[in-house]
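Engineer: Handing you a structure now.
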Amino acid sequence: MKIRKANIEDAQGIGKVHVDSWRTTYKGILPDDFLNNLSYEQRTELWKKNISDLTNYVLVAENEQDEIIGFATGGTRKTNSVPNATDLTSIYLLEEYQGMGIGKQLLKEIFAYIKLKGYEKVFVEVLADNKTRNFYEYYGAQYVENTEIKIGGKVLEELIYVWNDIDKVFIEKIK
């Protein structure tokens, strides 16, 4: 398994992981018709834009066959006005690669970049029904507040977490 910075040629692989992981992660949370209508082509175009946006930092995880099996992104959301803070905007892995420590490695690499950029706090937003929130909690993210978000015509509860001290996460959890 290898983790590296994404380039524009990775957009299609990231788009495929994005669609496939949403279909498994959000089954029973988001409407089936919404998940079934997710498009590899649309997600590929989205990732071309995301990778080209220099305010984003995008990593990919590859298996031994150099296939993209996961990704992570960081960048400050427009809604984040907290000084010296940024956001972990996503970590997604294909279902068959979950539980192998790859998410931890992606988190470690994203946090190393965030630390290098001088940020002190990192926020992450996660759907309340998404079991991934346990991953963030395990690695020290603290609950801040909840809000509502509408996806696929369904109103969902979204939880906002923060890591207040990146150094502490490295020392205690992801070294």
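Order determines the names: the first chain of the structure tokens is A, the second B, and so forth; residues in each chain are numbered 1 upward, and ligands are numbered 1 upward as they are shown.
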Skipping near chain neighbours, those fewer than 3 positions away, what residues fall within 8 Å of region 99-115 of chain A using only C-alpha atoms, listed as a ChimeraX atom specification?
Structural biologist: /A:3,57,59-61,71-74,86,88,91-93,118-120,166,170,174-175
Engineer: Assign secondary structure with DSSP using the backbone only, and return the residues of region 12-155 of chain A in strand (DSSP E or B) as number ranges by chain.
Structural biologist: A: 27, 30, 57-62, 68-74, 85-93, 121-127, 142-151, 154-155
Engineer: May I ask for the distance between CA of Glu145 (chain A) and CA of Glu157 (chain A), given in Å to one decimal place?
Structural biologist: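 CA of Glu157 (chain A) lies at a distance of 10.4 Å from CA of Glu145 (chain A).
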Engineer: Nearest to Lys131 (chain A) among A:Gly153, A:Leu159, A:Asp87, A:Arg77, with distances taken over only C-alpha atoms: which residue is it?
Structural biologist: A:Leu159
